[in-house]
>>> print(open('coords_7.cif').read())   # mmCIF, C-alpha atoms
data_model
#
loop_
_atom_site.label_atom_id
_atom_site.label_comp_id
_atom_site.auth_asym_id
_atom_site.auth_seq_id
_atom_site.Cartn_x
_atom_site.Cartn_y
_atom_site.Cartn_z
CA MET A 1 -10.04 21.73 40.57
CA VAL A 2 -11.80 20.56 37.41
CA PRO A 3 -10.37 17.20 36.21
CA ILE A 4 -8.92 17.10 32.70
CA LEU A 5 -10.83 14.50 30.77
CA PRO A 6 -8.89 12.50 28.18
CA ALA A 7 -9.77 13.21 24.57
CA PHE A 8 -11.62 10.35 22.92
CA ALA A 9 -10.06 8.33 20.13
CA ALA A 10 -12.50 7.47 17.38
CA THR A 11 -12.75 4.40 15.18
CA ILE A 12 -13.67 5.05 11.56
CA THR A 13 -15.20 2.14 9.65
CA GLY A 14 -16.25 1.78 6.04
CA SER A 15 -16.13 -0.35 2.93
CA VAL A 16 -15.16 -0.09 -0.71
CA ARG A 17 -16.57 -1.75 -3.80
CA ILE A 18 -14.77 -1.91 -7.14
CA THR A 19 -16.72 -1.73 -10.40
CA ASP A 20 -15.99 -1.93 -14.14
CA SER A 21 -13.02 -4.21 -13.52
CA SER A 22 -11.26 -6.47 -15.98
CA ASP A 23 -9.63 -8.41 -13.14
CA THR A 24 -11.22 -11.85 -12.64
CA HIS A 25 -10.56 -11.80 -8.88
CA VAL A 26 -12.56 -8.59 -8.62
CA ARG A 27 -15.36 -9.62 -10.99
CA ASN A 28 -15.83 -13.25 -9.98
CA ASP A 29 -14.46 -13.44 -6.44
CA LYS A 30 -15.58 -9.98 -5.30
CA ASP A 31 -12.06 -9.30 -4.06
CA TYR A 32 -11.97 -5.61 -3.10
CA SER A 33 -8.63 -5.63 -1.31
CA GLY A 34 -5.73 -3.27 -1.86
CA VAL A 35 -7.42 0.12 -1.55
CA ALA A 36 -5.51 2.58 0.65
CA ILE A 37 -7.60 5.05 2.68
CA TRP A 38 -6.27 7.80 4.91
CA LEU A 39 -7.40 10.91 6.80
CA GLN A 40 -5.55 14.23 6.50
CA ARG A 41 -6.28 17.00 9.00
CA ALA A 42 -8.28 19.72 7.24
CA ASN A 43 -7.45 22.50 9.71
CA GLY A 44 -5.39 22.98 12.82
CA PRO A 45 -2.07 21.31 13.58
CA ALA A 46 -1.43 17.98 11.92
CA PRO A 47 -1.32 15.00 14.32
CA PRO A 48 2.18 13.73 15.02
CA LEU A 49 3.38 10.95 12.75
CA ARG A 50 4.10 7.56 14.26
CA PRO A 51 6.57 5.78 11.94
CA ILE A 52 6.34 1.99 12.01
CA ALA A 53 8.37 -1.04 11.00
CA ALA A 54 6.42 -2.85 8.27
CA GLN A 55 7.09 -5.84 6.04
CA MET A 56 6.49 -6.68 2.39
CA ALA A 57 7.66 -10.25 1.85
CA GLN A 58 8.49 -12.11 -1.34
CA ARG A 59 6.73 -15.47 -1.55
CA LYS A 60 6.13 -17.57 -4.65
CA LYS A 61 7.28 -14.66 -6.83
CA GLN A 62 4.71 -12.31 -5.30
CA PHE A 63 4.88 -9.39 -2.90
CA VAL A 64 2.90 -10.06 0.30
CA PRO A 65 1.03 -7.89 1.05
CA ARG A 66 0.74 -6.33 -2.37
CA VAL A 67 -0.38 -2.96 -0.97
CA LEU A 68 0.97 -1.26 2.15
CA ALA A 69 0.07 2.10 3.70
CA VAL A 70 2.63 3.56 6.12
CA PRO A 71 3.34 6.95 7.72
CA ALA A 72 6.29 8.92 6.37
CA GLY A 73 9.48 7.96 8.19
CA SER A 74 8.53 4.27 8.37
CA THR A 75 10.87 1.44 7.44
CA VAL A 76 9.74 -1.46 5.26
CA ALA A 77 11.60 -4.80 5.26
CA PHE A 78 11.60 -6.94 2.11
CA PRO A 79 12.39 -10.49 3.32
CA ASN A 80 13.00 -13.09 0.61
CA PHE A 81 11.19 -16.35 1.44
CA ASP A 82 11.67 -17.80 -2.04
CA PRO A 83 14.47 -20.26 -2.93
CA ILE A 84 15.69 -17.84 -5.61
CA PHE A 85 17.26 -14.39 -5.79
CA HIS A 86 15.22 -11.17 -5.94
CA ASN A 87 16.05 -7.52 -6.57
CA VAL A 88 13.45 -5.10 -5.24
CA PHE A 89 13.50 -1.59 -6.70
CA SER A 90 11.44 1.46 -7.57
CA SER A 91 12.25 3.98 -10.28
CA TYR A 92 9.16 6.13 -9.72
CA SER A 93 9.05 9.55 -8.09
CA GLY A 94 7.38 8.34 -4.87
CA GLN A 95 10.86 7.22 -3.80
CA VAL A 96 13.62 5.86 -6.00
CA PHE A 97 15.53 2.95 -4.46
CA ASP A 98 17.33 -0.25 -5.42
CA VAL A 99 18.30 -2.81 -2.78
CA GLY A 100 20.31 -4.91 -5.25
CA LEU A 101 20.35 -8.65 -5.80
CA TYR A 102 19.94 -10.65 -2.60
CA PRO A 103 19.57 -14.35 -1.81
CA PRO A 104 16.91 -16.45 -0.04
CA ARG A 105 16.47 -16.19 3.74
CA THR A 106 17.80 -12.64 3.80
CA ASP A 107 16.09 -9.28 3.69
CA GLN A 108 16.68 -5.66 2.85
CA LYS A 109 15.13 -2.58 4.45
CA VAL A 110 14.16 0.81 3.03
CA ARG A 111 13.11 3.91 4.97
CA PHE A 112 10.44 6.00 3.25
CA HIS A 113 11.10 9.64 4.01
CA ARG A 114 8.28 11.56 2.35
CA PRO A 115 4.61 11.13 1.38
CA GLY A 116 3.93 9.64 -2.04
CA VAL A 117 2.89 6.54 -3.94
CA VAL A 118 5.80 4.12 -4.43
CA PHE A 119 5.46 1.48 -7.16
CA VAL A 120 7.65 -1.51 -6.29
CA PHE A 121 9.02 -4.13 -8.70
CA CYS A 122 11.54 -6.96 -8.93
CA ASN A 123 14.31 -6.44 -11.47
CA ILE A 124 14.33 -10.18 -12.26
CA HIS A 125 10.62 -11.06 -12.39
CA PRO A 126 8.43 -8.69 -14.46
CA THR A 127 5.15 -10.04 -13.06
CA MET A 128 6.06 -8.97 -9.52
CA SER A 129 4.66 -5.59 -8.54
CA ALA A 130 3.40 -3.86 -5.41
CA VAL A 131 2.48 -0.45 -4.04
CA ILE A 132 3.53 1.37 -0.88
CA VAL A 133 1.40 4.41 -0.07
CA VAL A 134 3.39 6.74 2.19
CA VAL A 135 1.19 9.30 3.96
CA ASP A 136 1.70 12.31 6.23
CA THR A 137 -0.82 11.16 8.83
CA PRO A 138 -1.03 8.35 11.40
CA TYR A 139 -4.59 7.55 10.32
CA MET A 140 -4.62 5.06 7.46
CA ALA A 141 -5.91 1.63 6.41
CA VAL A 142 -5.91 -0.82 3.50
CA SER A 143 -9.13 -2.59 2.55
CA GLY A 144 -9.51 -6.32 3.11
CA SER A 145 -10.79 -8.79 0.53
CA ASP A 146 -14.40 -7.99 1.45
CA GLY A 147 -13.72 -4.29 0.98
CA SER A 148 -13.98 -3.39 4.65
CA PHE A 149 -11.54 -1.09 6.44
CA PHE A 150 -11.19 0.57 9.81
CA ILE A 151 -8.98 3.34 11.18
CA GLU A 152 -8.47 3.44 14.94
CA GLY A 153 -7.30 6.09 17.38
CA VAL A 154 -8.45 9.13 15.40
CA GLU A 155 -8.46 12.41 17.34
CA ALA A 156 -11.46 14.72 17.17
CA GLY A 157 -11.37 17.22 14.32
CA ASP A 158 -12.11 17.80 10.66
CA TYR A 159 -10.37 15.66 8.06
CA ARG A 160 -10.16 15.08 4.33
CA LEU A 161 -10.63 11.42 3.36
CA ARG A 162 -8.25 10.43 0.58
CA ILE A 163 -8.03 7.20 -1.42
CA PHE A 164 -5.55 5.38 -3.62
CA TYR A 165 -6.37 2.39 -5.79
CA GLU A 166 -3.87 1.21 -8.38
CA ARG A 167 -6.36 0.59 -11.19
CA ALA A 168 -8.31 3.83 -10.90
CA THR A 169 -7.56 7.10 -12.66
CA GLN A 170 -6.53 10.19 -10.73
CA GLN A 171 -9.79 11.86 -11.74
CA VAL A 172 -11.84 9.02 -10.25
CA LEU A 173 -9.85 9.06 -7.00
CA GLN A 174 -10.15 12.83 -6.60
CA SER A 175 -13.91 12.63 -7.12
CA LEU A 176 -14.17 10.19 -4.20
CA GLU A 177 -12.49 12.48 -1.66
CA ARG A 178 -14.77 13.79 1.06
CA ASN A 179 -14.75 15.74 4.30
CA VAL A 180 -15.10 13.79 7.54
CA SER A 181 -15.90 15.41 10.88
CA VAL A 182 -14.75 13.23 13.78
CA ASN A 183 -16.92 14.12 16.76
CA SER A 184 -17.96 10.75 18.16
CA GLU A 185 -16.17 7.57 19.16
CA THR A 186 -17.51 5.48 16.27
CA ILE A 187 -18.13 6.75 12.77
CA SER A 188 -19.41 4.57 9.95
CA LEU A 189 -18.76 6.02 6.51
CA PRO A 190 -21.08 5.48 3.53
CA PRO A 191 -19.86 2.81 1.07
CA ILE A 192 -17.24 3.96 -1.43
CA GLU A 193 -17.61 2.76 -5.03
CA ILE A 194 -14.45 2.87 -7.15
CA SER A 195 -14.69 2.48 -10.92
CA GLU A 196 -11.78 1.13 -12.98
CA SER A 197 -13.26 2.75 -16.08
CA GLY A 198 -10.65 4.67 -18.06
CA TYR A 199 -7.67 2.95 -16.45
CA MET A 200 -5.03 1.62 -18.85
CA GLN A 201 -2.10 -0.42 -17.55
CA ALA A 202 1.29 0.32 -19.05
CA PRO A 203 4.07 -2.30 -18.92
CA HIS A 204 6.97 -1.30 -16.68
CA LYS A 205 10.66 -1.46 -17.50
CA ASN A 206 13.44 -2.98 -15.43
CA LYS A 207 15.64 -0.81 -13.22
CA TYR A 208 17.83 0.08 -16.21
CA GLY A 209 14.83 1.42 -18.14
CA LYS A 210 14.89 -1.53 -20.54
CA ASP A 211 12.48 -4.35 -21.40
CA TYR A 212 12.71 -7.55 -19.39
CA PRO A 213 14.24 -10.52 -21.23
CA ALA A 214 11.79 -12.90 -22.89
CA VAL A 215 13.11 -15.82 -20.83
CA ILE A 216 13.65 -15.38 -17.10
CA GLU A 217 16.54 -17.39 -15.70
CA ASP A 218 16.06 -17.79 -11.95
CA ARG A 219 19.10 -18.31 -9.81
CA PRO A 220 18.10 -20.92 -7.20
CA MET A 221 20.00 -21.24 -3.98
CA TYR A 222 19.46 -24.39 -1.93
CA PRO A 223 21.42 -26.01 0.87
CA ALA A 224 23.47 -28.98 -0.27
CA GLY A 225 21.32 -32.01 -0.93
CA ARG A 226 18.00 -30.15 -0.66
CA LYS A 227 15.46 -29.24 -3.30
CA PRO A 228 12.34 -27.08 -3.07
#
>>> encode(input="coords_7.cif", output="structure tokens")
Amino acid sequence: MVPILPAFAATITGSVRITDSSDTHVRNDKDYSGVAIWLQRANGPAPPLRPIAAQMAQRKKQFVPRVLAVPAGSTVAFPNFDPIFHNVFSSYSGQVFDVGLYPPRTDQKVRFHRPGVVFVFCNIHPTMSAVIVVVDTPYMAVSGSDGSFFIEGVEAGDYRLRIFYERATQQVLQSLERNVSVNSETISLPPIEISESGYMQAPHKNKYGKDYPAVIEDRPMYPAGRKP
């Protein structure tokens, strides 16, 4: 009897570099984080999704991490580690949701049912924004500050490499897509250069479709006798 050998699981490595940026962290600090990369099967049956439980925290009026990539069906928790109230929401087509106003040391969870790009905001603090990239594949990564990324456990086959970066146009992102044939246990991709040229940021509205107030009044919540 011929033994059945286990299929290998490949590791895909690569790096991104961002050019033509107006962001000082990118220009001066060479911070290339926040690029989502994923592999979609080009032919044959799609690999089964493996939904996960992920977290996007609120700390110091920021979302941490600012960019998440998760398989469809995953649940993301939004714990509030600030001493003030937050209200996480999205009014974009990736998935519309509104968890409502909630206090410190609590969290809310949202399940993301379908693939898409979800832009996340706080209804109280206009400077807070984040992105959740929901994909129909288990093979995904988000670049680190040095631009590096790796995707583990990839089955053999032919894939389409896709990319999302918040400050790049759709035309730029489509031009960076490429075919990847996974036929060895380690594959190192050529560097990916992403230009911000042509991107224009538009201010977002609150969850009611209106402008944020000029003065933000935080609602602190501290235990008796304690201050931040």
>>> resolve_selection(input="coords_7.cif", expression="the PyMOL selection byres ((chain A and resi 133-147) around 7)", output="ChimeraX atom specification")
/A:15-17,31-40,47,49-50,68-72,114-118,131-132,148-151,154
>>> closest_residue(input="coords_7.cif", among="A:Met200, A:Val96, A:Ile163, A:Leu189", to="A:Glu177", atoms="only C-alpha atoms")
A:Ile163
>>> axis_aligned_box(input="coords_7.cif", around="stretch 28-41 of chain A", padding_each_side="8 Å", output="lines of an AutoDock Vina configuration file")
center_x = -10.7
center_y = 1.8
center_z = -0.5
size_x = 26.3
size_y = 46.4
size_z = 35.0
>>> closest_residue(input="coords_7.cif", among="A:Gly209, A:Asp218, A:Phe78, A:Arg178", to="A:Asp158", atoms="all atoms listed in the file")
A:Arg178
>>> atom_distance(input="coords_7.cif", atom1="atom CA of A:His86", atom2="atom CA of A:Lys61")
8.7 Å
>>> atom_distance(input="coords_7.cif", atom1="atom CA of A:Arg160", atom2="atom CA of A:Leu173")
12.8 Å
>>> atom_distance(input="coords_7.cif", atom1="atom CA of A:Gln95", atom2="atom CA of A:Ala130")
13.5 Å
>>> resolve_selection(input="coords_7.cif", expression="the PyMOL selection byres ((chain A and resi 156) around 6)", output="list in words")
Glu155, Gly157, Val182 and Asn183 of chain A
>>> residues_around(input="coords_7.cif", residues="A:Pro79", least_positions_apart="3", cutoff="8 Å", atoms="all atoms listed in the file", output="PyMOL selection string")
chain A and resi 55-58+105-108
>>> resolve_selection(input="coords_7.cif", expression="the PyMOL selection byres ((chain A and resi 98) around 12)", output="ChimeraX atom specification")
/A:78,86-92,95-97,99-102,108-111,120-123,206-208
>>> closest_residue(input="coords_7.cif", among="A:Ile216, A:Ala10, A:Val76, A:Leu161", to="A:Ile192", atoms="only C-alpha atoms")
A:Leu161
>>> closest_residue(input="coords_7.cif", among="A:Ser21, A:Thr13, A:Gln170, A:Ser74", to="A:Ser188", atoms="all atoms listed in the file")
A:Thr13
>>> closest_residue(input="coords_7.cif", among="A:Gln174, A:Thr186, A:Thr75, A:Ser22", to="A:Glu152", atoms="all atoms listed in the file")
A:Thr186
